[in-house]
Amino acid sequence: MDFNQIEPHHIARYLRIERANSPVRANREIAFLSTVLQFGIECGRVRTNPCRQVRRNRETPRTRKVETEELQAVLKIAQRKGASYSLIGLIAEFCALTGQRREDVLLLHLSQITEQGVYIEPKKRKRGEVQTKILIAWSTHLRDIVIRAKALPRPIGGFFLFCNRKGQPYTDRGFKAMWNRLQVEYAQEGGRRFTFHDLRAYYVTEGKEAGIRVTEATGHKSEAITNRVYDRRRIRKATPLN
């Protein structure tokens, strides 16, 4: 089908019928198509963007709250499966501890590790937005993760903190496959599976309990986004007036 033949009812059918079992994923796919069509309009190849005329599927934020014991159980499985899976476990531990996105941590270069802490360069930002860096200050736990990651077998010239046997960072696809295997094994042992993205919520939830200003780590300009998507506390503690 030619791009100019796509009409709003095609988009609606895809969202409501063709991808009825994956409404959130369908929203992301249509958002991508919308970007492509908008580019086509700017180039003079497409006349309209029908994606803008159709309501997206309603999304409900996840409520899965990963407990520390659950995270530790998955990390133990990773450790007993050898060096490659130990590295996957370290990446998970790093993200849970710092609240960083997987894609930024996978590309973490050794040069970003300094005396002041670990610099993260978020890849996700809006068009025209100035690139900012996040400096994660050292803690005993963070330093321990970095030391363990460096101690794993790596080839000469492996300049990424979390690199594979060839010295290269894991691809997103490769990482997801290994993470999924860990979750399958965790479920077989009686655990309740959770997504890697839930670890970002783990950081926010635990951080808010500890009184940490978590938006400095997540990079969100609006605290409302952080609260709506990632804060999964079941009990909110309140302080009475004196």
# chains A, B, ... in the order shown; residues from 1 in each chain; ligands from 1
>>> residues_around(residues="Ile145 (chain A)", least_positions_apart="5", cutoff="8 Å", atoms="only C-alpha atoms", output="list of chain:residue names")
A:Leu90, A:Glu93, A:Phe94
>>> select_by_dssp(residues="region 46-166 of chain A", states="strand (DSSP E)", output="list in words")
Gly117, Val118, Tyr119, Ile120, Ile134, Leu135, Ile136 and Ala137 of chain A
>>> closest_atom_pairs(of="region 76-195 of chain A", to="region 47-64 of chain A", cutoff="12 Å", atoms="only C-alpha atoms", output="CSV")
residue,atom,partner,partner_atom,distance
A:Arg192,CA,A:Arg64,CA,10.0
A:Arg193,CA,A:Arg64,CA,9.6
A:Phe194,CA,A:Arg64,CA,7.4
A:Thr195,CA,A:Arg64,CA,9.1
>>> write_last_selection(atoms="N, CA and C atoms", output="PDB file, in the first residue's frame")
ATOM      1  N   ARG A 192       8.132 -14.555  40.274  1.00  0.00           N
ATOM      2  CA  ARG A 192       7.188 -13.825  39.426  1.00  0.00           C
ATOM      3  C   ARG A 192       7.979 -12.904  38.512  1.00  0.00           C
ATOM      4  N   ARG A 193       7.856 -13.108  37.220  1.00  0.00           N
ATOM      5  CA  ARG A 193       8.666 -12.386  36.253  1.00  0.00           C
ATOM      6  C   ARG A 193       8.450 -10.879  36.318  1.00  0.00           C
ATOM      7  N   PHE A 194       9.479 -10.140  35.949  1.00  0.00           N
ATOM      8  CA  PHE A 194       9.357  -8.687  35.831  1.00  0.00           C
ATOM      9  C   PHE A 194      10.207  -8.227  34.659  1.00  0.00           C
ATOM     10  N   THR A 195       9.894  -7.071  34.115  1.00  0.00           N
ATOM     11  CA  THR A 195      10.615  -6.548  32.966  1.00  0.00           C
ATOM     12  C   THR A 195      11.862  -5.806  33.420  1.00  0.00           C
TER      13      THR A 195
END
>>> closest_residue(among="A:Asp104, A:Asp2, A:Glu189, A:Glu121", to="Ala73 (chain A)", atoms="only C-alpha atoms")
A:Glu189
>>> residues_around(residues="Val46 (chain A)", least_positions_apart="6", cutoff="12 Å", atoms="only C-alpha atoms", output="list in words")
Asp2, Phe3, Asn4, Gln5, Ile6, Ser34, Thr35, Val36, Leu37, Gln38, Phe39 and Gly40 of chain A
>>> residues_around(residues="Ile212 (chain A)", least_positions_apart="5", cutoff="12 Å", atoms="only C-alpha atoms", output="list in words")
Thr98, Gly99, Tyr203, Val204, Thr205, Glu206, Gly207, Ala217 and Thr218 of chain A
>>> write_last_selection(atoms="N, CA and C atoms", output="PDB file, in the first residue's frame")
ATOM      1  N   THR A  98      20.916   2.979  40.021  1.00  0.00           N
ATOM      2  CA  THR A  98      21.071   4.353  39.541  1.00  0.00           C
ATOM      3  C   THR A  98      19.856   4.910  38.807  1.00  0.00           C
ATOM      4  N   GLY A  99      18.923   4.052  38.417  1.00  0.00           N
ATOM      5  CA  GLY A  99      17.732   4.517  37.704  1.00  0.00           C
ATOM      6  C   GLY A  99      17.964   4.864  36.252  1.00  0.00           C
ATOM      7  N   TYR A 203      14.161   1.836  41.241  1.00  0.00           N
ATOM      8  CA  TYR A 203      14.994   2.937  41.718  1.00  0.00           C
ATOM      9  C   TYR A 203      14.132   4.089  42.231  1.00  0.00           C
ATOM     10  N   VAL A 204      13.130   4.479  41.435  1.00  0.00           N
ATOM     11  CA  VAL A 204      12.279   5.610  41.821  1.00  0.00           C
ATOM     12  C   VAL A 204      11.531   5.306  43.114  1.00  0.00           C
ATOM     13  N   THR A 205      10.956   4.120  43.196  1.00  0.00           N
ATOM     14  CA  THR A 205      10.176   3.738  44.375  1.00  0.00           C
ATOM     15  C   THR A 205      11.046   3.697  45.628  1.00  0.00           C
ATOM     16  N   GLU A 206      12.174   3.007  45.531  1.00  0.00           N
ATOM     17  CA  GLU A 206      13.070   2.911  46.682  1.00  0.00           C
ATOM     18  C   GLU A 206      13.686   4.270  47.010  1.00  0.00           C
ATOM     19  N   GLY A 207      13.981   5.045  45.972  1.00  0.00           N
ATOM     20  CA  GLY A 207      14.583   6.355  46.171  1.00  0.00           C
ATOM     21  C   GLY A 207      13.647   7.314  46.895  1.00  0.00           C
ATOM     22  N   ALA A 217      18.207  11.815  38.558  1.00  0.00           N
ATOM     23  CA  ALA A 217      18.755  10.612  37.926  1.00  0.00           C
ATOM     24  C   ALA A 217      17.951  10.202  36.696  1.00  0.00           C
ATOM     25  N   THR A 218      16.614  10.308  36.780  1.00  0.00           N
ATOM     26  CA  THR A 218      15.786   9.876  35.658  1.00  0.00           C
ATOM     27  C   THR A 218      15.850  10.847  34.489  1.00  0.00           C
TER      28      THR A 218
END
>>> closest_residue(among="A:Pro240, A:Lys124, A:Phe196, A:Arg213", to="Leu182 (chain A)", atoms="only C-alpha atoms")
A:Phe196
>>> atom_distance(atom1="CA of Glu115 (chain A)", atom2="CA of Ala137 (chain A)")
9.1 Å
>>> residues_around(residues="Lys166 (chain A)", least_positions_apart="4", cutoff="9 Å", atoms="only C-alpha atoms", output="PyMOL selection string")
chain A and resi 154-155+158
>>> residues_around(residues="Leu142 (chain A)", least_positions_apart="6", cutoff="12 Å", atoms="only C-alpha atoms", output="list in words")
Leu90, Ile91, Glu93, Phe94, Cys95, Ala96, Leu97, Thr98, Ile113, Gly117, Val118, Ile136, Arg148 and Ala149 of chain A
